[in-house]
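Trainee: I'm passing along final-v1.pdb; it holds PDB, C-alpha atoms.
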```pdb
ATOM      1  CA  MET L   1     113.537-118.502  13.133
ATOM      2  CA  THR L   2     114.180-115.294  11.179
ATOM      3  CA  HIS L   3     114.168-115.161   7.383
ATOM      4  CA  VAL L   4     117.927-114.618   7.470
ATOM      5  CA  GLU L   5     118.503-117.759   9.535
ATOM      6  CA  ASP L   6     116.270-119.845   7.303
ATOM      7  CA  GLU L   7     117.883-118.588   4.125
ATOM      8  CA  LEU L   8     121.483-118.878   5.214
ATOM      9  CA  SER L   9     120.811-122.442   6.350
ATOM     10  CA  SER L  10     119.666-123.432   2.848
ATOM     11  CA  GLN L  11     122.932-122.550   1.146
ATOM     12  CA  PRO L  12     124.323-126.078   0.630
ATOM     13  CA  GLU L  13     121.212-127.009  -1.339
ATOM     14  CA  CYS L  14     121.269-123.744  -3.293
ATOM     15  CA  TRP L  15     124.924-124.186  -4.189
ATOM     16  CA  THR L  16     124.409-127.791  -5.269
ATOM     17  CA  ARG L  17     121.665-126.771  -7.688
ATOM     18  CA  ALA L  18     123.617-123.776  -8.958
ATOM     19  CA  ALA L  19     126.686-125.895  -9.703
ATOM     20  CA  THR L  20     124.532-128.362 -11.605
ATOM     21  CA  ASP L  21     122.767-125.632 -13.578
ATOM     22  CA  ALA L  22     125.927-123.714 -14.466
ATOM     23  CA  ALA L  23     126.412-125.661 -17.697
ATOM     24  CA  ALA L  24     122.995-124.520 -18.908
ATOM     25  CA  TYR L  25     124.126-120.906 -18.591
ATOM     26  CA  LYS L  26     127.372-121.357 -20.497
ATOM     27  CA  GLU L  27     126.383-119.085 -23.396
ATOM     28  CA  ALA L  28     125.186-116.341 -21.046
ATOM     29  CA  LEU L  29     128.410-116.248 -19.049
ATOM     30  CA  PRO L  30     131.821-114.934 -20.135
ATOM     31  CA  ALA L  31     133.808-117.047 -22.551
ATOM     32  CA  ALA L  32     137.517-117.634 -22.102
ATOM     33  CA  GLY L  33     139.506-114.752 -23.504
ATOM     34  CA  GLU L  34     136.788-112.125 -23.189
ATOM     35  CA  ARG L  35     137.628-108.886 -21.442
ATOM     36  CA  VAL L  36     135.005-108.657 -18.714
ATOM     37  CA  ALA L  37     133.722-106.317 -16.038
ATOM     38  CA  ILE L  38     131.521-107.588 -13.215
ATOM     39  CA  VAL L  39     129.380-105.023 -11.418
ATOM     40  CA  GLY L  40     126.933-104.815  -8.551
ATOM     41  CA  CYS L  41     125.883-102.763  -5.552
ATOM     42  CA  GLY L  42     126.481-103.551  -1.882
ATOM     43  CA  THR L  43     126.805-107.283  -1.354
ATOM     44  CA  SER L  44     126.698-107.899  -5.111
ATOM     45  CA  PHE L  45     129.695-105.601  -5.604
ATOM     46  CA  PHE L  46     131.721-107.639  -3.124
ATOM     47  CA  MET L  47     130.744-110.877  -4.892
ATOM     48  CA  ALA L  48     131.841-109.189  -8.121
ATOM     49  CA  GLN L  49     135.251-108.513  -6.566
ATOM     50  CA  SER L  50     135.664-112.180  -5.688
ATOM     51  CA  ALA L  51     134.418-113.434  -9.051
ATOM     52  CA  ALA L  52     136.673-111.073 -10.983
ATOM     53  CA  ALA L  53     139.757-112.147  -9.048
ATOM     54  CA  LEU L  54     138.897-115.822  -9.537
ATOM     55  CA  ARG L  55     138.365-115.457 -13.268
ATOM     56  CA  GLU L  56     141.558-113.528 -13.889
ATOM     57  CA  ARG L  57     143.615-115.844 -11.679
ATOM     58  CA  SER L  58     142.301-118.865 -13.563
ATOM     59  CA  GLY L  59     143.610-117.478 -16.843
ATOM     60  CA  GLN L  60     140.199-116.882 -18.416
ATOM     61  CA  GLY L  61     140.890-113.260 -19.267
ATOM     62  CA  GLU L  62     141.276-109.768 -17.884
ATOM     63  CA  THR L  63     138.437-109.133 -15.429
ATOM     64  CA  ASP L  64     137.567-106.043 -13.404
ATOM     65  CA  ALA L  65     134.978-105.392 -10.703
ATOM     66  CA  PHE L  66     133.163-102.131 -10.065
ATOM     67  CA  ALA L  67     130.335-100.742  -8.052
ATOM     68  CA  ALA L  68     127.701-100.116 -10.718
ATOM     69  CA  SER L  69     127.757 -96.377 -10.008
ATOM     70  CA  GLU L  70     131.536 -96.253 -10.568
ATOM     71  CA  PHE L  71     131.744 -98.048 -13.906
ATOM     72  CA  PRO L  72     134.457 -96.438 -16.107
ATOM     73  CA  HIS L  73     132.549 -95.571 -19.268
ATOM     74  CA  GLY L  74     134.896 -95.376 -22.200
ATOM     75  CA  ARG L  75     136.917 -98.418 -21.148
ATOM     76  CA  PRO L  76     136.206-101.258 -23.622
ATOM     77  CA  TYR L  77     134.857-104.627 -22.496
ATOM     78  CA  ASP L  78     133.581-107.634 -24.404
ATOM     79  CA  ARG L  79     130.968-108.308 -21.745
ATOM     80  CA  VAL L  80     129.646-106.750 -18.564
ATOM     81  CA  VAL L  81     128.070-109.048 -15.963
ATOM     82  CA  ALA L  82     125.687-107.416 -13.498
ATOM     83  CA  LEU L  83     124.726-109.055 -10.204
ATOM     84  CA  THR L  84     121.330-107.863  -8.961
ATOM     85  CA  ARG L  85     119.144-109.908  -6.651
ATOM     86  CA  SER L  86     116.086-107.685  -7.007
ATOM     87  CA  GLY L  87     116.474-106.735 -10.657
ATOM     88  CA  THR L  88     115.363-103.221  -9.758
ATOM     89  CA  THR L  89     118.468-101.463  -8.415
ATOM     90  CA  THR L  90     118.682 -98.031  -9.994
ATOM     91  CA  GLU L  91     122.440 -97.895 -10.598
ATOM     92  CA  VAL L  92     122.511-101.330 -12.242
ATOM     93  CA  LEU L  93     119.578-100.588 -14.535
ATOM     94  CA  ALA L  94     121.070 -97.233 -15.514
ATOM     95  CA  LEU L  95     124.372 -98.861 -16.406
ATOM     96  CA  LEU L  96     122.778-101.660 -18.437
ATOM     97  CA  GLY L  97     120.682 -99.122 -20.281
ATOM     98  CA  ARG L  98     123.694 -97.064 -21.223
ATOM     99  CA  LEU L  99     125.608-100.157 -22.422
ATOM    100  CA  ARG L 100     122.775-101.483 -24.597
ATOM    101  CA  GLY L 101     123.890-101.832 -28.206
ATOM    102  CA  GLN L 102     127.522-101.150 -27.295
ATOM    103  CA  THR L 103     128.641-103.954 -24.964
ATOM    104  CA  ARG L 104     127.086-107.374 -24.440
ATOM    105  CA  THR L 105     125.591-107.663 -20.969
ATOM    106  CA  THR L 106     124.514-110.478 -18.666
ATOM    107  CA  ALA L 107     122.379-110.066 -15.566
ATOM    108  CA  ILE L 108     122.436-112.605 -12.762
ATOM    109  CA  THR L 109     119.216-112.106 -10.814
ATOM    110  CA  ALA L 110     116.683-113.838  -8.601
ATOM    111  CA  ASP L 111     113.532-112.474 -10.209
ATOM    112  CA  PRO L 112     112.949-112.448 -13.993
ATOM    113  CA  ARG L 113     109.732-110.446 -13.591
ATOM    114  CA  THR L 114     111.639-107.208 -13.062
ATOM    115  CA  PRO L 115     113.068-104.450 -15.297
ATOM    116  CA  VAL L 116     116.471-106.121 -15.556
ATOM    117  CA  THR L 117     114.906-108.717 -17.880
ATOM    118  CA  GLU L 118     114.515-106.060 -20.555
ATOM    119  CA  SER L 119     117.790-104.312 -19.773
ATOM    120  CA  ALA L 120     120.317-107.133 -20.248
ATOM    121  CA  ASP L 121     121.165-109.163 -23.343
ATOM    122  CA  ASP L 122     121.457-112.432 -21.400
ATOM    123  CA  LEU L 123     119.974-113.649 -18.127
ATOM    124  CA  VAL L 124     120.965-116.108 -15.420
ATOM    125  CA  VAL L 125     117.968-116.579 -13.138
ATOM    126  CA  LEU L 126     118.563-118.031  -9.663
ATOM    127  CA  GLY L 127     114.969-118.066  -8.494
ATOM    128  CA  HIS L 128     115.609-120.906  -6.066
ATOM    129  CA  ALA L 129     118.031-118.627  -4.181
ATOM    130  CA  ASP L 130     115.719-115.618  -3.893
ATOM    131  CA  GLU L 131     115.194-114.219  -0.401
ATOM    132  CA  ARG L 132     112.543-112.563   1.714
ATOM    133  CA  SER L 133     115.142-110.904   3.901
ATOM    134  CA  VAL L 134     116.664-107.497   3.255
ATOM    135  CA  VAL L 135     120.071-108.856   4.278
ATOM    136  CA  GLN L 136     121.525-110.946   1.450
ATOM    137  CA  THR L 137     122.972-114.351   2.192
ATOM    138  CA  ARG L 138     122.104-117.243  -0.120
ATOM    139  CA  PHE L 139     121.528-115.299  -3.344
ATOM    140  CA  ALA L 140     124.969-113.712  -3.213
ATOM    141  CA  THR L 141     126.832-116.926  -2.448
ATOM    142  CA  THR L 142     124.790-118.872  -5.001
ATOM    143  CA  ALA L 143     125.611-116.324  -7.700
ATOM    144  CA  LEU L 144     129.291-116.683  -6.857
ATOM    145  CA  THR L 145     128.918-120.465  -6.934
ATOM    146  CA  VAL L 146     127.516-120.311 -10.478
ATOM    147  CA  LEU L 147     130.530-118.279 -11.548
ATOM    148  CA  ARG L 148     132.967-120.593  -9.748
ATOM    149  CA  ALA L 149     131.369-123.621 -11.387
ATOM    150  CA  HIS L 150     131.499-121.915 -14.794
ATOM    151  CA  LEU L 151     135.242-121.483 -14.267
ATOM    152  CA  GLY L 152     135.636-125.133 -13.227
ATOM    153  CA  LEU L 153     136.556-124.092  -9.679
ATOM    154  CA  HIS L 154     133.628-125.581  -7.744
ATOM    155  CA  THR L 155     133.932-128.976  -6.040
ATOM    156  CA  ASP L 156     131.774-131.122  -3.785
ATOM    157  CA  ALA L 157     134.172-130.268  -0.960
ATOM    158  CA  VAL L 158     132.752-126.722  -0.953
ATOM    159  CA  ILE L 159     129.282-128.111  -0.197
ATOM    160  CA  ALA L 160     130.680-130.336   2.532
ATOM    161  CA  ASP L 161     132.418-127.364   4.117
ATOM    162  CA  ALA L 162     129.189-125.351   3.989
ATOM    163  CA  ARG L 163     127.417-128.100   5.909
ATOM    164  CA  THR L 164     130.251-128.074   8.433
ATOM    165  CA  ALA L 165     129.930-124.308   8.766
ATOM    166  CA  LEU L 166     126.253-124.719   9.589
ATOM    167  CA  GLY L 167     126.571-127.713  11.878
ATOM    168  CA  THR L 168     129.463-126.820  14.172
ATOM    169  CA  PRO L 169     129.664-124.236  16.975
ATOM    170  CA  LEU L 170     131.019-120.784  16.276
ATOM    171  CA  PRO L 171     134.564-120.123  17.513
ATOM    172  CA  GLU L 172     134.607-119.807  21.289
ATOM    173  CA  GLY L 173     134.341-116.226  22.486
ATOM    174  CA  VAL L 174     133.850-114.612  19.088
ATOM    175  CA  ALA L 175     130.218-113.617  19.685
ATOM    176  CA  ASP L 176     131.302-111.711  22.798
ATOM    177  CA  CYS L 177     133.736-109.482  20.925
ATOM    178  CA  THR L 178     132.995-105.801  20.405
ATOM    179  CA  GLN L 179     134.962-105.225  17.184
ATOM    180  CA  PHE L 180     135.560-107.506  14.195
ATOM    181  CA  THR L 181     138.159-107.366  11.432
ATOM    182  CA  PHE L 182     137.864-109.651   8.401
ATOM    183  CA  LEU L 183     140.836-110.395   6.166
ATOM    184  CA  GLY L 184     141.213-111.923   2.725
ATOM    185  CA  ARG L 185     143.792-112.567   0.038
ATOM    186  CA  GLY L 186     143.204-112.547  -3.708
ATOM    187  CA  TRP L 187     139.640-113.594  -4.434
ATOM    188  CA  THR L 188     138.735-113.718  -0.745
ATOM    189  CA  VAL L 189     139.231-109.962  -0.231
ATOM    190  CA  GLY L 190     135.721-109.534  -1.620
ATOM    191  CA  LEU L 191     134.448-112.136   0.840
ATOM    192  CA  ALA L 192     136.123-110.273   3.705
ATOM    193  CA  ASN L 193     134.406-107.069   2.591
ATOM    194  CA  GLU L 194     131.094-108.900   2.509
ATOM    195  CA  ALA L 195     131.688-110.422   5.959
ATOM    196  CA  GLY L 196     132.122-106.951   7.395
ATOM    197  CA  LEU L 197     128.992-105.721   5.659
ATOM    198  CA  LYS L 198     126.913-108.611   7.022
ATOM    199  CA  MET L 199     127.933-107.775  10.574
ATOM    200  CA  ARG L 200     127.116-104.101  10.094
ATOM    201  CA  GLU L 201     123.755-104.745   8.443
ATOM    202  CA  ALA L 202     122.421-107.445  10.741
ATOM    203  CA  ALA L 203     124.068-106.596  14.065
ATOM    204  CA  ARG L 204     125.164-102.927  13.782
ATOM    205  CA  ALA L 205     128.627-104.152  14.721
ATOM    206  CA  TRP L 206     131.899-102.256  14.431
ATOM    207  CA  THR L 207     133.626-104.110  11.624
ATOM    208  CA  GLU L 208     136.437-103.549   9.160
ATOM    209  CA  ALA L 209     137.867-105.535   6.250
ATOM    210  CA  TYR L 210     141.271-105.501   4.563
ATOM    211  CA  PRO L 211     143.613-107.473   2.338
ATOM    212  CA  ALA L 212     145.506-109.583   4.849
ATOM    213  CA  MET L 213     148.945-108.131   4.122
ATOM    214  CA  GLU L 214     147.588-104.588   4.492
ATOM    215  CA  TYR L 215     146.254-105.302   7.966
ATOM    216  CA  ARG L 216     149.731-104.900   9.454
ATOM    217  CA  HIS L 217     150.087-101.458   7.877
ATOM    218  CA  GLY L 218     148.017 -99.661  10.489
ATOM    219  CA  PRO L 219     144.713-101.476  11.170
ATOM    220  CA  ILE L 220     146.308-103.952  13.565
ATOM    221  CA  SER L 221     146.701-101.024  15.964
ATOM    222  CA  ILE L 222     143.040-101.324  17.033
ATOM    223  CA  THR L 223     143.354-105.025  17.843
ATOM    224  CA  THR L 224     143.274-105.834  21.549
ATOM    225  CA  HIS L 225     141.331-107.802  24.163
ATOM    226  CA  GLY L 226     137.703-108.034  23.121
ATOM    227  CA  THR L 227     138.378-107.748  19.390
ATOM    228  CA  ALA L 228     138.427-110.503  16.782
ATOM    229  CA  THR L 229     140.405-110.897  13.565
ATOM    230  CA  TRP L 230     138.913-113.478  11.206
ATOM    231  CA  MET L 231     140.840-114.804   8.210
ATOM    232  CA  LEU L 232     138.957-116.007   5.134
ATOM    233  CA  GLY L 233     141.400-118.281   3.349
ATOM    234  CA  GLU L 234     145.063-118.978   4.039
ATOM    235  CA  ALA L 235     146.755-116.474   6.325
ATOM    236  CA  PRO L 236     150.154-114.889   5.642
ATOM    237  CA  GLU L 237     152.956-116.431   7.663
ATOM    238  CA  GLY L 238     153.266-115.008  11.149
ATOM    239  CA  LEU L 239     150.017-113.041  11.137
ATOM    240  CA  ALA L 240     148.166-115.284  13.569
ATOM    241  CA  ARG L 241     150.993-114.930  16.074
ATOM    242  CA  GLN L 242     151.017-111.151  15.730
ATOM    243  CA  VAL L 243     147.273-110.951  16.375
ATOM    244  CA  ARG L 244     147.491-113.188  19.429
ATOM    245  CA  ASN L 245     150.327-111.036  20.763
ATOM    246  CA  THR L 246     147.947-108.057  20.785
ATOM    247  CA  GLY L 247     145.525-109.935  23.041
ATOM    248  CA  GLY L 248     142.941-110.117  20.264
ATOM    249  CA  LEU L 249     141.081-113.255  19.221
ATOM    250  CA  TRP L 250     142.418-114.895  16.060
ATOM    251  CA  VAL L 251     139.967-116.942  13.966
ATOM    252  CA  ALA L 252     141.617-119.075  11.306
ATOM    253  CA  GLY L 253     139.809-119.788   8.050
ATOM    254  CA  GLU L 254     139.896-123.567   8.082
ATOM    255  CA  LEU L 255     137.039-124.179   5.615
ATOM    256  CA  ASP L 256     136.592-123.170   1.997
ATOM    257  CA  PRO L 257     136.411-119.356   2.133
ATOM    258  CA  LEU L 258     132.814-119.292   0.888
ATOM    259  CA  ALA L 259     131.876-121.642   3.730
ATOM    260  CA  GLU L 260     133.755-119.375   6.129
ATOM    261  CA  LEU L 261     131.436-116.594   4.996
ATOM    262  CA  VAL L 262     128.510-118.781   6.067
ATOM    263  CA  ARG L 263     130.037-118.948   9.530
ATOM    264  CA  VAL L 264     130.226-115.152   9.595
ATOM    265  CA  GLN L 265     126.581-114.941   8.549
ATOM    266  CA  ARG L 266     125.729-117.102  11.547
ATOM    267  CA  LEU L 267     127.846-114.861  13.750
ATOM    268  CA  ALA L 268     125.952-111.803  12.516
ATOM    269  CA  VAL L 269     122.655-113.404  13.540
ATOM    270  CA  ALA L 270     124.046-114.449  16.930
ATOM    271  CA  VAL L 271     125.407-110.980  17.698
ATOM    272  CA  ALA L 272     122.132-109.392  16.584
ATOM    273  CA  ALA L 273     120.194-111.666  18.920
ATOM    274  CA  ALA L 274     122.516-110.883  21.816
ATOM    275  CA  ARG L 275     121.923-107.169  21.232
ATOM    276  CA  GLY L 276     118.167-107.538  20.980
ATOM    277  CA  LEU L 277     118.106-106.701  17.278
ATOM    278  CA  ASP L 278     115.987-108.205  14.512
ATOM    279  CA  PRO L 279     118.304-109.087  11.593
ATOM    280  CA  ASP L 280     115.285-109.164   9.275
ATOM    281  CA  ARG L 281     114.776-105.444   9.867
ATOM    282  CA  PRO L 282     118.158-103.719   9.475
ATOM    283  CA  ARG L 283     118.111-100.022  10.231
ATOM    284  CA  HIS L 284     117.749 -97.653   7.230
ATOM    285  CA  LEU L 285     117.849-100.487   4.665
ATOM    286  CA  THR L 286     115.424-101.861   2.087
ATOM    287  CA  ARG L 287     115.588-104.915  -0.166
ATOM    288  CA  SER L 288     116.431-102.782  -3.208
ATOM    289  CA  VAL L 289     117.779 -99.256  -3.549
ATOM    290  CA  ILE L 290     115.559 -97.398  -6.014
ATOM    291  CA  LEU L 291     116.596 -93.785  -6.473
ATOM    292  CA  THR L 292     114.650 -90.780  -7.692
ATOM    293  CA  PRO L 293     115.966 -89.056 -10.846
ATOM    294  CA  SER L 294     117.655 -86.372  -8.747
ATOM    295  CA  GLU L 295     119.403 -89.013  -6.626
ATOM    296  CA  SER L 296     120.586 -91.166  -9.535
ATOM    297  CA  PRO L 297     124.294 -91.113 -10.412
ATOM    298  CA  LYS L 298     125.311 -88.904 -13.302
ATOM    299  CA  PRO L 299     127.367 -90.498 -16.117
ATOM    300  CA  ARG L 300     131.109 -90.210 -15.591
ATOM    301  CA  SER L 301     134.107 -90.821 -17.800
ATOM    302  CA  ARG L 302     137.583 -91.930 -16.908
TER     303      ARG L 302
END
```
Write the structure described by the file as structure tokens, please.
Mentor:
Amino acid sequence: MTHVEDELSSQPECWTRAATDAAAYKEALPAAGERVAIVGCGTSFFMAQSAAALRERSGQGETDAFAASEFPHGRPYDRVVALTRSGTTTEVLALLGRLRGQTRTTAITADPRTPVTESADDLVVLGHADERSVVQTRFATTALTVLRAHLGLHTDAVIADARTALGTPLPEGVADCTQFTFLGRGWTVGLANEAGLKMREAARAWTEAYPAMEYRHGPISITTHGTATWMLGEAPEGLARQVRNTGGLWVAGELDPLAELVRVQRLAVAVAAARGLDPDRPRHLTRSVILTPSESPKPRSR
């Protein structure tokens, strides 16, 4: 079993603990009414997108999501939350350093023995969800679970769906497809983006991701026999029929969207295996992106 397989299989337990521990992190996480930005890089950025949409939709306050390198300096926030598994990502550390003394910051990380400990005002440490793999699975979804629980949006049904996602076969024929499109709506757009990234990282697959209503504005033109369109969350009316009419494979999101992401993680491993790839060793990737001074992003204003 690869590290990725082992780690993605542990997600129900990780989520259960995270939901229980969320109350202990109440003071470190955004309070209702705060204006908040959530930032990250790669997978963490996509989790930030989902968390921001959830928080704003729940009425907790205006919430934006940014890649850490694209943060709009000069725009006021009460708190900035940074997601960083490694605690060493250059863009995140640079941003936290620039915000120190100006905006309260919280880092959600897996390892407190890293520079992020000294860079953020508050810490949420998810050491039980740390990973050996380069490809993120359980840390990202556990971080999102903490934020969902903090918002009062986590239920035991999510854990049950995760177990279902791990214990039932993948949709028939999906692992044989040559192109994959993932769709989301609202908070699940970030999950769709992450689903596409997992397939690219682990299996070098041709994948795309879109808001579901945007899919019909051009991207559906690539859908045909041998392609799959996977919905995370509730699909817009008529979309499943349109995809089937193209000859493509439609995969409905029948579980909680976070559990659907677990199914995609399993698909990424299955496709990697079928192609003779090792998902623990994705091409050109490392566990953390640490840039030299010349490679680091320069401050920008908007």
Trainee: Determine the nearest neighbour of L:Gly233 from the options L:Ala192, L:Val134, L:Leu123, L:Val36, counting only C-alpha atoms.
Mentor: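 Closest candidate: L:Ala192.
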Trainee: Quick one: of L:Ala273, L:Ala157, L:Thr168, L:Ala65, who's nearest to L:Gly190, counting only C-alpha atoms?
Mentor: L:Ala65
Trainee: Name the residues captured by the PyMOL selection byres ((chain L and resi 214-224) around 6) when it is applied to the shown file; answer as a list of chain:residue names.
Mentor: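 Against this file, the PyMOL selection byres ((chain L and resi 214-224) around 6) returns the residues L:Pro211, L:Ala212, L:Met213, L:His225, L:Thr227, L:Thr246, L:Gly247, L:Gly248.
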Trainee: Could you spell out the hits of the PyMOL selection byres ((chain L and resi 230) around 6) on the shown file, as a PyMOL selection string?
Mentor: chain L and resi 182+229+231+251
Trainee: So which residues fall inside 10 Å of (119.7, -119.1, 5.1) if we count only C-alpha atoms? Mind giving them as a PDB file with C-alpha atoms, in the frame of the given file?
Mentor:
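Result file selection_1.pdb:
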```pdb
ATOM      1  CA  THR L   2     114.180-115.294  11.179  1.00  0.00           C
ATOM      2  CA  HIS L   3     114.168-115.161   7.383  1.00  0.00           C
ATOM      3  CA  VAL L   4     117.927-114.618   7.470  1.00  0.00           C
ATOM      4  CA  GLU L   5     118.503-117.759   9.535  1.00  0.00           C
ATOM      5  CA  ASP L   6     116.270-119.845   7.303  1.00  0.00           C
ATOM      6  CA  GLU L   7     117.883-118.588   4.125  1.00  0.00           C
ATOM      7  CA  LEU L   8     121.483-118.878   5.214  1.00  0.00           C
ATOM      8  CA  SER L   9     120.811-122.442   6.350  1.00  0.00           C
ATOM      9  CA  SER L  10     119.666-123.432   2.848  1.00  0.00           C
ATOM     10  CA  GLN L  11     122.932-122.550   1.146  1.00  0.00           C
ATOM     11  CA  PRO L  12     124.323-126.078   0.630  1.00  0.00           C
ATOM     12  CA  CYS L  14     121.269-123.744  -3.293  1.00  0.00           C
ATOM     13  CA  ALA L 129     118.031-118.627  -4.181  1.00  0.00           C
ATOM     14  CA  GLU L 131     115.194-114.219  -0.401  1.00  0.00           C
ATOM     15  CA  SER L 133     115.142-110.904   3.901  1.00  0.00           C
ATOM     16  CA  GLN L 136     121.525-110.946   1.450  1.00  0.00           C
ATOM     17  CA  THR L 137     122.972-114.351   2.192  1.00  0.00           C
ATOM     18  CA  ARG L 138     122.104-117.243  -0.120  1.00  0.00           C
ATOM     19  CA  PHE L 139     121.528-115.299  -3.344  1.00  0.00           C
ATOM     20  CA  LEU L 166     126.253-124.719   9.589  1.00  0.00           C
ATOM     21  CA  VAL L 262     128.510-118.781   6.067  1.00  0.00           C
ATOM     22  CA  GLN L 265     126.581-114.941   8.549  1.00  0.00           C
ATOM     23  CA  ARG L 266     125.729-117.102  11.547  1.00  0.00           C
TER      24      ARG L 266
END
```
Trainee: Measuring between all atoms listed in the file, which one of L:Arg204, L:Arg283, L:Arg263, L:Arg75 shows the shortest distance to L:Pro169?
Mentor: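 Of all the options, L:Arg263 lies closest to L:Pro169.
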Trainee: In the coordinates of the file, take the point (136.3, -106.2, 4.2) and a cut-off of 9 Å; then, counting all atoms listed in the file, name each qualifying protein, DNA or RNA residue as a list of chain:residue names.
Mentor: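 Every polymer residue passing the test: L:Phe46, L:Thr181, L:Phe182, L:Leu183, L:Gly184, L:Val189, L:Gly190, L:Leu191, L:Ala192, L:Asn193, L:Glu194, L:Ala195, L:Gly196, L:Leu197, L:Thr207, L:Glu208, L:Ala209, L:Tyr210, L:Pro211.
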Trainee: What would stretch 98-114 of chain L look like with N, CA and C atoms restored, written as a short mmCIF file (atom, residue, chain, number, x, y, z; two decimals), in the frame of the given file?
Mentor:
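In the end it all went to selection34.cif:
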```
data_model
loop_
_atom_site.label_atom_id
_atom_site.label_comp_id
_atom_site.auth_asym_id
_atom_site.auth_seq_id
_atom_site.Cartn_x
_atom_site.Cartn_y
_atom_site.Cartn_z
N ARG L 98 122.69 -97.84 -20.49
CA ARG L 98 123.69 -97.06 -21.22
C ARG L 98 124.57 -97.97 -22.09
N LEU L 99 124.76 -99.23 -21.67
CA LEU L 99 125.61 -100.16 -22.42
C LEU L 99 124.88 -100.84 -23.58
N ARG L 100 123.54 -100.77 -23.57
CA ARG L 100 122.78 -101.48 -24.60
C ARG L 100 123.21 -101.06 -26.00
N GLY L 101 123.46 -102.08 -26.83
CA GLY L 101 123.89 -101.83 -28.21
C GLY L 101 125.37 -101.55 -28.35
N GLN L 102 126.09 -101.44 -27.24
CA GLN L 102 127.52 -101.15 -27.30
C GLN L 102 128.36 -102.31 -26.76
N THR L 103 127.92 -102.87 -25.62
CA THR L 103 128.64 -103.95 -24.96
C THR L 103 127.64 -105.04 -24.58
N ARG L 104 127.99 -106.29 -24.81
CA ARG L 104 127.09 -107.37 -24.44
C ARG L 104 127.00 -107.45 -22.92
N THR L 105 125.80 -107.65 -22.41
CA THR L 105 125.59 -107.66 -20.97
C THR L 105 124.86 -108.92 -20.53
N THR L 106 125.18 -109.35 -19.32
CA THR L 106 124.51 -110.48 -18.67
C THR L 106 124.08 -110.04 -17.28
N ALA L 107 122.86 -110.34 -16.92
CA ALA L 107 122.38 -110.07 -15.57
C ALA L 107 122.16 -111.38 -14.85
N ILE L 108 122.70 -111.47 -13.64
CA ILE L 108 122.44 -112.60 -12.76
C ILE L 108 121.48 -112.10 -11.69
N THR L 109 120.27 -112.65 -11.66
CA THR L 109 119.22 -112.11 -10.81
C THR L 109 118.40 -113.23 -10.20
N ALA L 110 117.57 -112.86 -9.23
CA ALA L 110 116.68 -113.84 -8.60
C ALA L 110 115.27 -113.77 -9.15
N ASP L 111 114.92 -112.68 -9.80
CA ASP L 111 113.53 -112.47 -10.21
C ASP L 111 113.47 -112.00 -11.66
N PRO L 112 113.01 -112.85 -12.58
CA PRO L 112 112.95 -112.45 -13.99
C PRO L 112 111.77 -111.54 -14.32
N ARG L 113 110.91 -111.29 -13.35
CA ARG L 113 109.73 -110.45 -13.59
C ARG L 113 110.02 -109.00 -13.18
N THR L 114 111.20 -108.55 -13.47
CA THR L 114 111.64 -107.21 -13.06
C THR L 114 112.27 -106.50 -14.26
#
```
